[in-house]
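Everything below concerns the one structure shown next.
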Amino acid sequence: LPVIRAQSSHDYVPDSKFYKVEAILRPWRVSQVSSALLKIGIRGVTVSDVRGFGAQGGSTERHGGSEFTEDNFVAKVKMEIVVSKDQVEAVVDKIIEEARTGEIGDGKIFVVPVSDVIRIRTGERGERAEKMTGGWSDLPSSAA
Ligand code: ATP
Ligand code: GLN
């Protein structure tokens, strides 16, 4: 499968220090995506089981059988990852690389500005709360 990158766009609107990368994925690709993210230091990830309906109208996947539910919504996983602005593109590209099959139903990624991050245990806010020990910014390669 050829490598696909998100077309370049560095001006997220509105501007924010943090963004939430929200990806709707095929459930059977989720562990592959999350382990690849872990390798680049993304340790904070939330996933939910969701059901969705996309442009495919289910037509291709319907014939695949098991993925389809009675009401024609397809079982998907929503992955939510809050990162600092400079990490967004790498996370988006990594998700594409690991989640893409090239078939209809691969999913979609939304980038959403996040106003603040607060760590409940410590009350830290902003950068201090967003940074994970042993995460991206602690990796030797993160200077890039
Ligand atoms: P602590 O040091 O107190 O453990 P933490 O920053 O490591 O704080 P946790 O309390 O361990 O955060 O995280 C609880 C849950 O919050 C995680 O299981 C995950 O679902 C979610 N989460 C944490 N950070 C992020 C993030 N950056 N993006 C998305 N979800 C996150
Ligand atoms: N940006 C954080 C860090 O540099 C990692 C964010 C995350 O794991 N979601 O440590």
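Note on naming: chains are A, B, ... as they come in the structure tokens, residues start from 1 per chain, ligands start from 1 in the order shown.
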Return as a list in words the residues of protein, DNA or RNA that approach ligand 2 to within 7 Å, with only C-alpha atoms and all ligand atoms taken into account.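 Counting only C-alpha atoms and all ligand atoms, the residues within 7 Å of ligand 2 come out as Gly41, Ile42, Arg43, Gly44, Val45, Ile81, Val82, Val83, Ser84, Gln87, Glu130, Lys131, Met132, Thr133, Gly134, Gly135, Trp136, Ser137 and Asp138 of chain A.
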Residue list (strand (DSSP E or B), DSSP) for stretch 11-142 of chain A, as a PyMOL selection string: chain A and resi 18-25+46-52+68+74-84+108-114+118+125
Expected file: the selected residues, N, CA, C and O atoms, as a short mmCIF file (atom, residue, chain, number, x, y, z; two decimals), in the first residue's frame:
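Result file follows (selection.cif):
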data_model
loop_
_atom_site.label_atom_id
_atom_site.label_comp_id
_atom_site.auth_asym_id
_atom_site.auth_seq_id
_atom_site.Cartn_x
_atom_site.Cartn_y
_atom_site.Cartn_z
N PHE A 18 -3.07 23.53 22.08
CA PHE A 18 -3.38 22.09 22.09
C PHE A 18 -4.52 21.80 21.14
O PHE A 18 -5.43 22.62 20.96
N TYR A 19 -4.45 20.62 20.57
CA TYR A 19 -5.54 20.15 19.70
C TYR A 19 -5.90 18.73 20.08
O TYR A 19 -5.04 17.96 20.53
N LYS A 20 -7.15 18.41 19.85
CA LYS A 20 -7.57 17.02 19.98
C LYS A 20 -7.64 16.41 18.59
O LYS A 20 -8.31 16.94 17.70
N VAL A 21 -6.90 15.34 18.39
CA VAL A 21 -6.99 14.58 17.15
C VAL A 21 -8.01 13.48 17.42
O VAL A 21 -7.82 12.63 18.30
N GLU A 22 -9.11 13.56 16.70
CA GLU A 22 -10.21 12.61 16.91
C GLU A 22 -10.34 11.77 15.65
O GLU A 22 -10.64 12.29 14.58
N ALA A 23 -10.07 10.49 15.78
CA ALA A 23 -10.05 9.61 14.61
C ALA A 23 -11.12 8.54 14.74
O ALA A 23 -11.27 7.92 15.79
N ILE A 24 -11.87 8.35 13.66
CA ILE A 24 -12.87 7.28 13.60
C ILE A 24 -12.24 6.15 12.79
O ILE A 24 -11.88 6.34 11.63
N LEU A 25 -12.08 5.01 13.42
CA LEU A 25 -11.26 3.94 12.85
C LEU A 25 -11.99 2.61 12.77
O LEU A 25 -12.96 2.38 13.49
N THR A 46 -7.54 8.06 24.44
CA THR A 46 -8.84 7.57 24.91
C THR A 46 -9.58 6.95 23.74
O THR A 46 -9.62 7.54 22.65
N VAL A 47 -10.14 5.78 23.94
CA VAL A 47 -10.92 5.16 22.86
C VAL A 47 -12.34 4.85 23.34
O VAL A 47 -12.56 4.55 24.51
N SER A 48 -13.27 4.93 22.41
CA SER A 48 -14.66 4.57 22.69
C SER A 48 -15.18 3.73 21.53
O SER A 48 -14.82 3.96 20.38
N ASP A 49 -16.05 2.81 21.86
CA ASP A 49 -16.76 2.07 20.82
C ASP A 49 -17.91 2.94 20.36
O ASP A 49 -18.70 3.41 21.18
N VAL A 50 -17.98 3.17 19.06
CA VAL A 50 -19.05 4.01 18.51
C VAL A 50 -19.64 3.29 17.29
O VAL A 50 -19.13 2.27 16.84
N ARG A 51 -20.70 3.84 16.78
CA ARG A 51 -21.27 3.32 15.54
C ARG A 51 -21.50 4.50 14.62
O ARG A 51 -21.90 5.58 15.07
N GLY A 52 -21.22 4.32 13.34
CA GLY A 52 -21.32 5.46 12.44
C GLY A 52 -21.89 5.12 11.09
O GLY A 52 -22.05 3.95 10.73
N PHE A 68 -21.56 -4.98 10.12
CA PHE A 68 -22.81 -4.23 10.08
C PHE A 68 -23.79 -4.60 11.17
O PHE A 68 -23.97 -5.75 11.51
N VAL A 74 -22.25 1.24 11.17
CA VAL A 74 -21.07 0.36 11.20
C VAL A 74 -20.34 0.54 12.53
O VAL A 74 -20.15 1.68 12.99
N ALA A 75 -19.91 -0.54 13.13
CA ALA A 75 -19.13 -0.47 14.36
C ALA A 75 -17.77 0.16 14.06
O ALA A 75 -17.05 -0.26 13.15
N LYS A 76 -17.46 1.21 14.81
CA LYS A 76 -16.17 1.90 14.65
C LYS A 76 -15.60 2.16 16.03
O LYS A 76 -16.29 2.01 17.04
N VAL A 77 -14.35 2.57 16.07
CA VAL A 77 -13.75 3.02 17.32
C VAL A 77 -13.36 4.48 17.16
O VAL A 77 -12.77 4.86 16.14
N LYS A 78 -13.71 5.29 18.15
CA LYS A 78 -13.29 6.69 18.16
C LYS A 78 -12.08 6.80 19.07
O LYS A 78 -12.12 6.40 20.23
N MET A 79 -10.99 7.32 18.50
CA MET A 79 -9.76 7.49 19.27
C MET A 79 -9.54 8.99 19.45
O MET A 79 -9.58 9.74 18.47
N GLU A 80 -9.35 9.42 20.67
CA GLU A 80 -9.15 10.84 20.97
C GLU A 80 -7.78 11.03 21.61
O GLU A 80 -7.45 10.35 22.59
N ILE A 81 -7.01 11.93 21.04
CA ILE A 81 -5.64 12.15 21.48
C ILE A 81 -5.41 13.65 21.57
O ILE A 81 -5.44 14.34 20.55
N VAL A 82 -5.17 14.16 22.77
CA VAL A 82 -4.86 15.58 22.91
C VAL A 82 -3.35 15.73 22.89
O VAL A 82 -2.63 15.05 23.64
N VAL A 83 -2.87 16.59 22.00
CA VAL A 83 -1.43 16.83 21.84
C VAL A 83 -1.16 18.32 21.67
O VAL A 83 -2.08 19.10 21.39
N SER A 84 0.10 18.70 21.82
CA SER A 84 0.45 20.09 21.54
C SER A 84 0.48 20.29 20.02
O SER A 84 0.59 19.33 19.25
N LYS A 108 -12.16 8.70 9.28
CA LYS A 108 -11.89 10.13 9.12
C LYS A 108 -11.23 10.65 10.38
O LYS A 108 -11.37 10.08 11.45
N ILE A 109 -10.49 11.76 10.22
CA ILE A 109 -9.79 12.39 11.35
C ILE A 109 -10.26 13.83 11.47
O ILE A 109 -10.29 14.56 10.47
N PHE A 110 -10.60 14.22 12.68
CA PHE A 110 -10.99 15.61 12.96
C PHE A 110 -9.94 16.22 13.88
O PHE A 110 -9.48 15.56 14.82
N VAL A 111 -9.58 17.47 13.62
CA VAL A 111 -8.63 18.19 14.48
C VAL A 111 -9.39 19.34 15.14
O VAL A 111 -9.94 20.20 14.46
N VAL A 112 -9.41 19.31 16.46
CA VAL A 112 -10.27 20.22 17.23
C VAL A 112 -9.43 21.01 18.23
O VAL A 112 -8.66 20.40 18.98
N PRO A 113 -9.54 22.33 18.25
CA PRO A 113 -8.76 23.09 19.24
C PRO A 113 -9.21 22.78 20.68
O PRO A 113 -10.40 22.56 20.92
N VAL A 114 -8.24 22.75 21.57
CA VAL A 114 -8.51 22.46 22.99
C VAL A 114 -8.04 23.66 23.82
O VAL A 114 -6.90 24.09 23.69
N ILE A 118 -6.11 19.95 32.18
CA ILE A 118 -5.95 19.99 33.64
C ILE A 118 -5.75 18.56 34.15
O ILE A 118 -6.56 17.68 33.86
N ARG A 125 -2.02 22.68 34.96
CA ARG A 125 -2.75 23.08 33.76
C ARG A 125 -1.79 23.29 32.60
O ARG A 125 -0.59 23.39 32.78
#
Closest of A:Arg29, A:Arg119, A:Ala6, A:Lys39 to A:Ser141, counting only C-alpha atoms, is A:Lys39
Quick one: of A:Gly123, A:Pro27, A:Gly54, A:Pro140, who's nearest to ligand 1, counting only C-alpha atoms and all ligand atoms? A:Gly123
